[in-house]
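**Student:** Here you go, work_2.cif (mmCIF, C-alpha atoms):
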data_input
#
loop_
_atom_site.group_PDB
_atom_site.id
_atom_site.type_symbol
_atom_site.label_atom_id
_atom_site.label_comp_id
_atom_site.auth_asym_id
_atom_site.auth_seq_id
_atom_site.Cartn_x
_atom_site.Cartn_y
_atom_site.Cartn_z
ATOM 1 C CA MET N 1 57.932 112.211 322.386
ATOM 2 C CA ILE N 2 55.467 114.679 321.119
ATOM 3 C CA ARG N 3 57.087 117.091 318.762
ATOM 4 C CA SER N 4 55.941 120.468 317.828
ATOM 5 C CA LYS N 5 53.761 120.574 314.794
ATOM 6 C CA ASP N 6 54.259 124.230 314.339
ATOM 7 C CA LEU N 7 56.362 124.711 311.246
ATOM 8 C CA ASP N 8 57.742 127.980 312.568
ATOM 9 C CA THR N 9 59.284 126.364 315.628
ATOM 10 C CA ILE N 10 60.342 123.001 314.208
ATOM 11 C CA ALA N 11 64.012 122.420 313.446
ATOM 12 C CA PRO N 12 64.854 121.497 309.845
ATOM 13 C CA ASP N 13 66.196 118.043 310.766
ATOM 14 C CA ASP N 14 63.434 117.183 313.218
ATOM 15 C CA PRO N 15 61.393 114.202 312.100
ATOM 16 C CA ILE N 16 57.725 114.976 311.740
ATOM 17 C CA LEU N 17 55.754 112.245 313.371
ATOM 18 C CA GLU N 18 52.313 113.328 312.421
ATOM 19 C CA THR N 19 50.978 115.039 309.458
ATOM 20 C CA PRO N 20 50.056 118.563 310.570
ATOM 21 C CA VAL N 21 46.444 118.172 309.585
ATOM 22 C CA SER N 22 45.121 120.740 311.987
ATOM 23 C CA ASN N 23 47.803 123.169 310.952
ATOM 24 C CA PHE N 24 46.910 122.691 307.313
ATOM 25 C CA ASP N 25 43.306 123.245 308.202
ATOM 26 C CA ASN N 26 44.226 126.426 310.005
ATOM 27 C CA SER N 27 46.236 127.741 307.090
ATOM 28 C CA THR N 28 43.412 126.834 304.721
ATOM 29 C CA LYS N 29 40.984 128.603 306.971
ATOM 30 C CA THR N 30 43.226 131.631 307.129
ATOM 31 C CA LYS N 31 43.622 131.613 303.368
ATOM 32 C CA THR N 32 39.891 131.207 302.868
ATOM 33 C CA HIS N 33 39.262 133.959 305.352
ATOM 34 C CA HIS N 34 41.774 136.148 303.543
ATOM 35 C CA LEU N 35 40.144 135.410 300.197
ATOM 36 C CA LYS N 36 36.723 136.153 301.623
ATOM 37 C CA SER N 37 37.868 139.438 303.123
ATOM 38 C CA SER N 38 39.602 140.476 299.858
ATOM 39 C CA LYS N 39 36.473 139.505 297.948
ATOM 40 C CA ILE N 40 34.327 141.577 300.312
ATOM 41 C CA LYS N 41 36.766 144.456 299.934
ATOM 42 C CA SER N 42 36.773 144.068 296.155
ATOM 43 C CA ASP N 43 32.952 143.940 296.090
ATOM 44 C CA LYS N 44 32.835 147.047 298.255
ATOM 45 C CA ASP N 45 35.326 148.831 295.991
ATOM 46 C CA HIS N 46 33.453 147.721 292.944
ATOM 47 C CA SER N 47 30.115 148.914 294.309
ATOM 48 C CA SER N 48 31.601 152.284 295.350
ATOM 49 C CA TYR N 49 33.200 152.565 291.920
ATOM 50 C CA ASN N 50 29.853 151.795 290.289
ATOM 51 C CA GLU N 51 28.136 154.331 292.524
ATOM 52 C CA LEU N 52 30.679 156.939 291.492
ATOM 53 C CA ASN N 53 30.204 156.048 287.843
ATOM 54 C CA GLU N 54 26.435 156.284 288.185
ATOM 55 C CA LYS N 55 26.766 159.637 289.909
ATOM 56 C CA VAL N 56 29.054 160.998 287.201
ATOM 57 C CA PHE N 57 26.908 159.616 284.382
ATOM 58 C CA GLN N 58 23.830 161.081 286.065
ATOM 59 C CA ILE N 59 25.533 164.480 285.928
ATOM 60 C CA LEU N 60 26.684 164.098 282.337
ATOM 61 C CA GLY N 61 23.601 162.412 280.903
ATOM 62 C CA LYS N 62 23.740 160.191 277.851
ATOM 63 C CA THR N 63 25.206 160.704 274.414
ATOM 64 C CA ARG N 64 22.455 160.935 271.846
ATOM 65 C CA SER N 65 24.534 160.425 268.734
ATOM 66 C CA PRO N 66 27.854 158.603 268.201
ATOM 67 C CA LEU N 67 28.981 161.620 266.157
ATOM 68 C CA SER N 68 28.236 163.990 269.020
ATOM 69 C CA SER N 69 30.982 166.251 270.330
ATOM 70 C CA PHE N 70 30.027 165.186 273.868
ATOM 71 C CA LEU N 71 30.752 161.460 274.210
ATOM 72 C CA VAL N 72 29.786 160.039 277.591
ATOM 73 C CA ASN N 73 31.345 156.668 278.407
ATOM 74 C CA PRO N 74 32.502 156.082 274.804
ATOM 75 C CA HIS N 75 33.050 152.465 273.833
ATOM 76 C CA VAL N 76 35.018 152.964 270.637
ATOM 77 C CA PHE N 77 37.004 156.044 271.570
ATOM 78 C CA ASP N 78 40.531 155.463 272.867
ATOM 79 C CA PHE N 79 43.999 156.999 273.102
ATOM 80 C CA PRO N 80 47.358 155.182 273.348
ATOM 81 C CA GLU N 81 48.455 156.800 276.625
ATOM 82 C CA ARG N 82 45.498 155.265 278.463
ATOM 83 C CA GLU N 83 46.437 152.763 281.154
ATOM 84 C CA GLU N 84 44.753 149.363 281.244
ATOM 85 C CA THR N 85 42.854 150.140 284.432
ATOM 86 C CA GLU N 86 41.875 153.608 283.253
ATOM 87 C CA THR N 87 38.288 154.184 282.109
ATOM 88 C CA ILE N 88 37.298 156.981 279.775
ATOM 89 C CA ILE N 89 34.338 158.761 281.318
ATOM 90 C CA LEU N 90 33.960 161.593 278.845
ATOM 91 C CA ALA N 91 35.506 162.663 275.550
ATOM 92 C CA VAL N 92 34.657 166.156 274.390
ATOM 93 C CA ARG N 93 35.314 168.050 271.207
ATOM 94 C CA ALA N 94 34.531 171.682 270.541
ATOM 95 C CA HIS N 95 30.857 172.450 269.990
ATOM 96 C CA TRP N 96 29.681 171.786 266.419
ATOM 97 C CA VAL N 97 28.765 175.453 265.966
ATOM 98 C CA VAL N 98 32.460 176.394 265.765
ATOM 99 C CA ASN N 99 32.556 174.497 262.465
ATOM 100 C CA LEU N 100 30.003 176.765 260.843
ATOM 101 C CA LYS N 101 32.618 179.359 259.900
ATOM 102 C CA TRP N 102 34.750 177.006 257.795
ATOM 103 C CA VAL N 103 31.653 175.273 256.395
ATOM 104 C CA PHE N 104 30.404 178.640 255.187
ATOM 105 C CA ILE N 105 33.814 179.525 253.687
ATOM 106 C CA THR N 106 33.920 176.109 251.980
ATOM 107 C CA LEU N 107 30.483 176.635 250.445
ATOM 108 C CA LEU N 108 31.616 180.022 249.233
ATOM 109 C CA MET N 109 34.753 178.489 247.712
ATOM 110 C CA ILE N 110 32.648 175.821 245.952
ATOM 111 C CA THR N 111 30.536 178.502 244.270
ATOM 112 C CA ILE N 112 33.504 180.584 243.051
ATOM 113 C CA PRO N 113 34.179 178.537 239.836
ATOM 114 C CA SER N 114 30.526 179.007 238.845
ATOM 115 C CA ILE N 115 30.868 182.751 239.382
ATOM 116 C CA ILE N 116 34.118 182.792 237.377
ATOM 117 C CA ASN N 117 32.428 180.804 234.637
ATOM 118 C CA PHE N 118 29.510 183.209 234.654
ATOM 119 C CA LEU N 119 31.844 186.207 234.386
ATOM 120 C CA ASP N 120 33.936 184.521 231.663
ATOM 121 C CA VAL N 121 37.178 185.298 233.445
ATOM 122 C CA LEU N 122 38.913 182.158 232.147
ATOM 123 C CA LYS N 123 37.564 182.625 228.632
ATOM 124 C CA SER N 124 40.981 183.602 227.231
ATOM 125 C CA LEU N 125 42.471 180.245 228.331
ATOM 126 C CA PRO N 126 42.155 177.011 226.315
ATOM 127 C CA PRO N 127 39.490 174.590 227.708
ATOM 128 C CA ARG N 128 42.117 172.188 229.115
ATOM 129 C CA TYR N 129 43.740 174.960 231.116
ATOM 130 C CA GLN N 130 40.335 176.017 232.354
ATOM 131 C CA PHE N 131 39.593 172.449 233.463
ATOM 132 C CA VAL N 132 42.922 172.092 235.295
ATOM 133 C CA SER N 133 42.455 175.473 236.986
ATOM 134 C CA ILE N 134 39.020 174.486 238.233
ATOM 135 C CA LEU N 135 40.278 171.060 239.355
ATOM 136 C CA PHE N 136 43.073 172.776 241.275
ATOM 137 C CA TRP N 137 40.588 175.080 242.916
ATOM 138 C CA TYR N 138 38.302 172.231 243.997
ATOM 139 C CA LEU N 139 41.235 170.287 245.434
ATOM 140 C CA ILE N 140 42.313 173.332 247.428
ATOM 141 C CA THR N 141 38.726 173.740 248.633
ATOM 142 C CA PHE N 142 38.578 170.095 249.657
ATOM 143 C CA ILE N 143 41.858 170.185 251.542
ATOM 144 C CA TYR N 144 40.871 173.391 253.310
ATOM 145 C CA ALA N 145 37.637 171.813 254.562
ATOM 146 C CA PHE N 146 39.352 168.507 255.341
ATOM 147 C CA GLU N 147 42.077 170.144 257.383
ATOM 148 C CA LYS N 148 39.564 172.233 259.319
ATOM 149 C CA PHE N 149 37.545 169.112 260.052
ATOM 150 C CA LEU N 150 40.678 167.273 261.217
ATOM 151 C CA ASP N 151 41.552 170.201 263.475
ATOM 152 C CA TRP N 152 38.152 169.892 265.106
ATOM 153 C CA TYR N 153 38.001 166.106 265.135
ATOM 154 C CA PHE N 154 41.429 165.453 266.636
ATOM 155 C CA ASP N 155 41.231 168.247 269.183
ATOM 156 C CA VAL N 156 39.879 166.291 272.139
ATOM 157 C CA PHE N 157 39.470 166.815 275.849
ATOM 158 C CA ILE N 158 39.223 163.554 277.779
ATOM 159 C CA ILE N 159 38.169 162.863 281.345
ATOM 160 C CA THR N 160 39.147 159.474 282.707
ATOM 161 C CA ASN N 161 38.715 158.113 286.214
ATOM 162 C CA LYS N 162 42.325 159.113 286.901
ATOM 163 C CA ARG N 163 43.157 162.269 284.979
ATOM 164 C CA LEU N 164 42.283 164.949 282.478
ATOM 165 C CA VAL N 165 43.858 164.705 279.065
ATOM 166 C CA ASP N 166 44.024 167.359 276.386
ATOM 167 C CA ILE N 167 45.061 166.330 272.877
ATOM 168 C CA LYS N 168 45.350 169.077 270.294
ATOM 169 C CA PHE N 169 46.458 169.305 266.712
ATOM 170 C CA ASN N 170 47.001 172.973 266.050
ATOM 171 C CA ASN N 171 47.659 172.253 262.417
ATOM 172 C CA LEU N 172 48.767 169.218 260.493
ATOM 173 C CA LEU N 173 52.311 169.371 261.805
ATOM 174 C CA ASN N 174 51.923 170.289 265.505
ATOM 175 C CA LYS N 175 50.659 167.964 268.177
ATOM 176 C CA HIS N 176 50.030 169.002 271.767
ATOM 177 C CA PHE N 177 49.418 166.559 274.627
ATOM 178 C CA ALA N 178 48.727 167.698 278.172
ATOM 179 C CA GLU N 179 47.503 165.746 281.160
ATOM 180 C CA ALA N 180 46.764 166.435 284.813
ATOM 181 C CA ASP N 181 45.932 163.922 287.506
ATOM 182 C CA LEU N 182 42.547 164.534 289.088
ATOM 183 C CA GLU N 183 44.113 164.870 292.544
ATOM 184 C CA MET N 184 46.370 167.649 291.217
ATOM 185 C CA ILE N 185 43.446 169.865 290.242
ATOM 186 C CA GLN N 186 43.326 173.005 292.327
ATOM 187 C CA ASP N 187 40.669 175.119 290.698
ATOM 188 C CA ILE N 188 38.218 174.890 287.823
ATOM 189 C CA SER N 189 36.436 177.783 286.191
ATOM 190 C CA SER N 190 34.321 178.211 283.092
ATOM 191 C CA SER N 191 33.197 181.085 280.944
ATOM 192 C CA VAL N 192 30.300 181.202 278.527
ATOM 193 C CA LYS N 193 30.476 184.158 276.189
ATOM 194 C CA GLY N 194 28.271 185.695 273.546
ATOM 195 C CA VAL N 195 24.749 185.080 272.347
ATOM 196 C CA LEU N 196 25.588 181.781 270.655
ATOM 197 C CA GLY N 197 27.523 180.516 273.681
ATOM 198 C CA THR N 198 24.634 181.294 275.998
ATOM 199 C CA PHE N 199 21.986 180.019 273.615
ATOM 200 C CA LEU N 200 23.764 176.764 272.699
ATOM 201 C CA ASN N 201 25.420 176.301 276.095
ATOM 202 C CA TYR N 202 29.076 176.059 275.199
ATOM 203 C CA GLY N 203 32.107 177.787 276.641
ATOM 204 C CA THR N 204 35.675 177.580 277.827
ATOM 205 C CA ILE N 205 36.884 175.613 280.842
ATOM 206 C CA LEU N 206 40.050 176.593 282.647
ATOM 207 C CA VAL N 207 41.633 174.003 284.932
ATOM 208 C CA GLN N 208 44.356 175.097 287.318
ATOM 209 C CA THR N 209 46.620 172.281 288.422
ATOM 210 C CA ALA N 210 49.448 171.800 290.867
ATOM 211 C CA SER N 211 51.406 169.750 288.351
ATOM 212 C CA GLY N 212 54.042 170.909 285.873
ATOM 213 C CA ILE N 213 51.360 172.135 283.523
ATOM 214 C CA ASN N 214 49.750 175.001 285.404
ATOM 215 C CA GLN N 215 46.705 175.378 283.234
ATOM 216 C CA ILE N 216 44.668 173.275 280.903
ATOM 217 C CA VAL N 217 42.229 175.154 278.721
ATOM 218 C CA PHE N 218 39.338 173.543 276.874
ATOM 219 C CA LYS N 219 37.884 175.949 274.395
ATOM 220 C CA ASN N 220 34.281 175.993 273.166
ATOM 221 C CA VAL N 221 33.249 172.751 274.849
ATOM 222 C CA PRO N 222 29.532 171.943 275.157
ATOM 223 C CA ASN N 223 27.886 171.791 278.601
ATOM 224 C CA PRO N 224 30.762 173.329 280.613
ATOM 225 C CA GLY N 225 28.657 173.252 283.785
ATOM 226 C CA LYS N 226 28.112 169.502 283.579
ATOM 227 C CA ILE N 227 31.789 168.883 282.849
ATOM 228 C CA ILE N 228 32.864 170.895 285.889
ATOM 229 C CA LYS N 229 30.387 169.051 288.124
ATOM 230 C CA ALA N 230 31.652 165.691 286.841
ATOM 231 C CA ILE N 231 35.285 166.666 287.447
ATOM 232 C CA GLN N 232 34.393 167.873 290.934
ATOM 233 C CA ALA N 233 32.576 164.614 291.704
ATOM 234 C CA LEU N 234 35.594 162.601 290.585
ATOM 235 C CA ASN N 235 37.951 164.864 292.487
ATOM 236 C CA ASP N 236 35.838 164.605 295.651
ATOM 237 C CA SER N 237 35.824 160.838 295.432
ATOM 238 C CA ILE N 238 39.612 160.880 295.208
ATOM 239 C CA GLN N 239 39.860 163.219 298.174
ATOM 240 C CA LYS N 240 37.622 160.916 300.190
ATOM 241 C CA GLY N 241 39.718 157.983 299.072
ATOM 242 C CA ASP N 242 36.816 155.881 297.914
ATOM 243 C CA ARG N 243 37.929 155.768 294.302
ATOM 244 C CA GLN N 244 39.436 152.445 293.452
ATOM 245 C CA CYS N 245 40.370 150.930 290.138
ATOM 246 C CA MET K 1 57.185 196.414 213.623
ATOM 247 C CA LEU K 2 57.719 193.156 215.558
ATOM 248 C CA ASN K 3 54.557 191.100 215.625
ATOM 249 C CA PHE K 4 54.918 188.675 218.560
ATOM 250 C CA ASP K 5 52.169 186.370 219.855
ATOM 251 C CA PHE K 6 52.385 186.215 223.631
ATOM 252 C CA MET K 7 49.811 183.461 224.064
ATOM 253 C CA PRO K 8 52.107 180.398 223.566
ATOM 254 C CA VAL K 9 54.683 181.890 225.938
ATOM 255 C CA PHE K 10 51.975 182.643 228.472
ATOM 256 C CA LEU K 11 50.667 179.076 228.216
ATOM 257 C CA ILE K 12 54.157 177.629 228.681
ATOM 258 C CA ILE K 13 54.668 179.793 231.771
ATOM 259 C CA GLN K 14 51.287 178.704 233.054
ATOM 260 C CA LYS K 15 52.088 175.051 232.421
ATOM 261 C CA ILE K 16 55.347 175.369 234.363
ATOM 262 C CA PHE K 17 53.408 177.089 237.117
ATOM 263 C CA PHE K 18 50.825 174.256 237.164
ATOM 264 C CA ILE K 19 53.558 171.608 237.255
ATOM 265 C CA ALA K 20 55.295 173.312 240.184
ATOM 266 C CA CYS K 21 51.999 173.733 242.042
ATOM 267 C CA SER K 22 50.933 170.143 241.450
ATOM 268 C CA ILE K 23 54.315 168.844 242.693
ATOM 269 C CA PHE K 24 53.946 170.908 245.874
ATOM 270 C CA TYR K 25 50.371 169.719 246.164
ATOM 271 C CA LEU K 26 51.458 166.088 245.849
ATOM 272 C CA ILE K 27 53.997 166.597 248.657
ATOM 273 C CA PHE K 28 51.275 168.219 250.734
ATOM 274 C CA ALA K 29 48.888 165.318 250.036
ATOM 275 C CA LEU K 30 51.564 162.862 251.200
ATOM 276 C CA ILE K 31 52.009 164.860 254.418
ATOM 277 C CA VAL K 32 48.233 164.791 254.943
ATOM 278 C CA VAL K 33 48.163 160.986 254.579
ATOM 279 C CA LYS K 34 51.044 160.633 257.036
ATOM 280 C CA GLN K 35 49.487 163.010 259.532
ATOM 281 C CA VAL K 36 46.010 161.498 259.383
ATOM 282 C CA ALA K 37 47.540 158.073 260.010
ATOM 283 C CA SER K 38 49.531 159.484 262.912
ATOM 284 C CA MET K 39 46.529 161.311 264.385
ATOM 285 C CA SER K 40 44.379 158.219 264.058
ATOM 286 C CA LYS K 41 46.882 156.345 266.197
ATOM 287 C CA ASN K 42 46.705 159.061 268.851
ATOM 288 C CA VAL K 43 42.940 159.439 268.952
ATOM 289 C CA LYS K 44 41.000 156.322 268.106
ATOM 290 C CA ASP K 45 37.385 156.848 267.126
ATOM 291 C CA LYS K 46 34.711 155.624 264.753
ATOM 292 C CA LEU K 47 35.452 157.951 261.853
ATOM 293 C CA ASN K 48 39.182 157.235 261.647
ATOM 294 C CA PRO K 49 38.976 154.652 258.813
ATOM 295 C CA ILE K 50 36.831 157.067 256.769
ATOM 296 C CA LEU K 51 39.296 159.914 257.315
ATOM 297 C CA ILE K 52 42.228 157.711 256.320
ATOM 298 C CA SER K 53 40.298 156.709 253.183
ATOM 299 C CA PHE K 54 39.638 160.367 252.377
ATOM 300 C CA SER K 55 43.307 161.221 252.753
ATOM 301 C CA PHE K 56 44.215 158.418 250.335
ATOM 302 C CA ILE K 57 41.520 159.472 247.835
ATOM 303 C CA HIS K 58 42.934 162.983 248.045
ATOM 304 C CA LEU K 59 46.408 161.605 247.357
ATOM 305 C CA VAL K 60 45.069 159.772 244.291
ATOM 306 C CA PHE K 61 43.575 163.043 243.036
ATOM 307 C CA ALA K 62 46.888 164.835 243.624
ATOM 308 C CA ILE K 63 48.688 162.164 241.554
ATOM 309 C CA PHE K 64 45.975 162.434 238.893
ATOM 310 C CA LEU K 65 46.457 166.202 238.843
ATOM 311 C CA ILE K 66 50.215 165.989 238.310
ATOM 312 C CA PHE K 67 49.629 163.376 235.603
ATOM 313 C CA ILE K 68 47.144 165.492 233.606
ATOM 314 C CA VAL K 69 49.237 168.641 234.024
ATOM 315 C CA ILE K 70 52.307 166.945 232.561
ATOM 316 C CA VAL K 71 50.668 164.706 229.943
ATOM 317 C CA TRP K 72 47.402 166.359 228.995
ATOM 318 C CA LEU K 73 48.226 170.073 228.980
#
Represent the supplied structure as structure tokens.

**Tutor:**
Amino acid sequence: MIRSKDLDTIAPDDPILETPVSNFDNSTKTKTHHLKSSKIKSDKDHSSYNELNEKVFQILGKTRSPLSSFLVNPHVFDFPEREETETIILAVRAHWVVNLKWVFITLLMITIPSIINFLDVLKSLPPRYQFVSILFWYLITFIYAFEKFLDWYFDVFIITNKRLVDIKFNNLLNKHFAEADLEMIQDISSSVKGVLGTFLNYGTILVQTASGINQIVFKNVPNPGKIIKAIQALNDSIQKGDRQC
Amino acid sequence: MLNFDFMPVFLIIQKIFFIACSIFYLIFALIVVKQVASMSKNVKDKLNPILISFSFIHLVFAIFLIFIVIVWL
């Protein structure tokens, strides 16, 4: 009696007379076919992802210096909230020109002890008191400059392939973290103000989102036009559904 | 007529003032170290080790300041 070789129709206690070679072959074929199709799909996704990356990097250009405030595809830069599959496309800090104000104030503060010394203001104090006063002053100057630098350095706007992230440290004790998925972006606008802003090409970007955080503002970022184009390209790719990863 | 020299009193007041300021400064330096470490965890970049080093050097100076104010003045 020829019994069914189909494992779906065979009863559990039915003896199997022949090894279901052909069936095994079929399943192997199916599996192979499935693997091939998933590989093709993966290759397609990968190529479309690479195309998107190329397009975005073409818009943004390349980072000239690792200390630049406009870091395209940074290799060292990272943040703990990043998912494993998430790629950082751009990390932006405020334009370097915004630092000039505190640099100037710091230089002024450095020169003050010399002026005081020249005017003999501390002359009435013993030399040790004079030394400690000046040391105090230089430490205050250092911490002023250091804190201003930290404010600039840790105030970062990040574009990944999935979302926009804004990390801010308003002062040493306040941290602000805001994020918006790229698909939640409704409107993006930018404003470049003043002679310096126009001349050095930096400005403010305002992102309107449909998420809990209505607005994300990035102040004094370099190349606002490029950033908006990159966000739009990423957003378009999500809308079309060809973004994978 | 009472002839009183104000200078020693003024110096003592100033020393107390320096001690108080240097204690506050030391606390501030500790907060800076803590915050720089915390920020470096949140935003990882090339300069983070240098900034952490600077915060520690600053802390050393703050300790040095409190030491010279108490011992040397």

**Student:** Give me, as a tab-separated table, the closest atom pair and its distance (Å, one decimal) for every residue of stretch 179-240 of chain N within a cut-off of 6 Å of stretch 91-106 of chain N, counting all atoms listed in the file, rows sorted by chain and rising number.

**Tutor:**
residue	atom	partner	partner_atom	distance
N:Asn220	CA	N:Ala94	CA	5.1
N:Val221	CA	N:Ala94	CA	4.6
N:Pro222	CA	N:His95	CA	5.4

**Student:** Please find the residues of chain K near chain N - the criterion being any atom within 6 Å, counting all atoms listed in the file - and write them as a PyMOL selection string.

**Tutor:** chain K and resi 42-45

**Student:** Could you pull the residues within 12 Å of K:Ile50, counting only C-alpha atoms, minus those fewer than 6 positions along the same chain, as a PDB file with C-alpha atoms, in the frame of the given file?

**Tutor:**
ATOM      1  CA  PHE N 146      39.352 168.507 255.341  1.00  0.00           C
ATOM      2  CA  LEU N 150      40.678 167.273 261.217  1.00  0.00           C
TER       3      LEU N 150
ATOM      4  CA  VAL K  36      46.010 161.498 259.383  1.00  0.00           C
ATOM      5  CA  ALA K  37      47.540 158.073 260.010  1.00  0.00           C
ATOM      6  CA  SER K  40      44.379 158.219 264.058  1.00  0.00           C
ATOM      7  CA  PHE K  56      44.215 158.418 250.335  1.00  0.00           C
ATOM      8  CA  ILE K  57      41.520 159.472 247.835  1.00  0.00           C
TER       9      ILE K  57
END

**Student:** Mind telling me what the PyMOL selection byres ((chain K and resi 26-35) around 8) catches here, as a list in words?

**Tutor:**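 After applying the PyMOL selection byres ((chain K and resi 26-35) around 8), what remains is Leu172 and Leu173 of chain N; Ser22, Ile23, Phe24, Tyr25, Val36, Ala37, Ser38, Met39, Ile52, Ser55, Phe56, His58, Leu59, Ala62, Ile63 and Ile66 of chain K.
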
**Student:** Using all atoms listed in the file, pick whichever of K:Asn48, K:Lys41, K:Val69, K:Val60 has the shortest atom-to-atom distance to K:Phe17.

**Tutor:**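 That would be K:Val69, the residue with the smallest distance to K:Phe17.
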
**Student:** Put a box with edges along x, y and z around all the listed atoms of stretch 47-59 of chain K, pad it by 8 Å on each side, then give me its centre and sizes in Å, one decimal, as AutoDock Vina command-line options.

**Tutor:**
--center_x 40.9 --center_y 158.8 --center_z 254.6 --size_x 27.0 --size_y 24.3 --size_z 30.5

**Student:** Quote the spacing between atom CA of N:Leu164 and atom CA of N:Thr204 in Å to one decimal place.

**Tutor:**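 Between atom CA of N:Leu164 and atom CA of N:Thr204 the gap works out to 15.0 Å.
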
**Student:** Using atom CA of N:Ile134 and atom CA of N:Asn117 as the two end points, give the distance in Å to one decimal.

**Tutor:**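 The value is 9.8 Å.
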
**Student:** Measuring between all atoms listed in the file, which one of K:Phe54, K:Leu47, K:Ile19, K:Leu11 shows the shortest distance to K:Ile68?

**Tutor:**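 Result for the nearest residue to K:Ile68: K:Ile19.
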
**Student:** In Å, with one decimal, what is the gap from atom CA of N:Ile159 to atom CA of N:Ala145?

**Tutor:**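 Atom CA of N:Ala145 lies at a distance of 28.2 Å from atom CA of N:Ile159.
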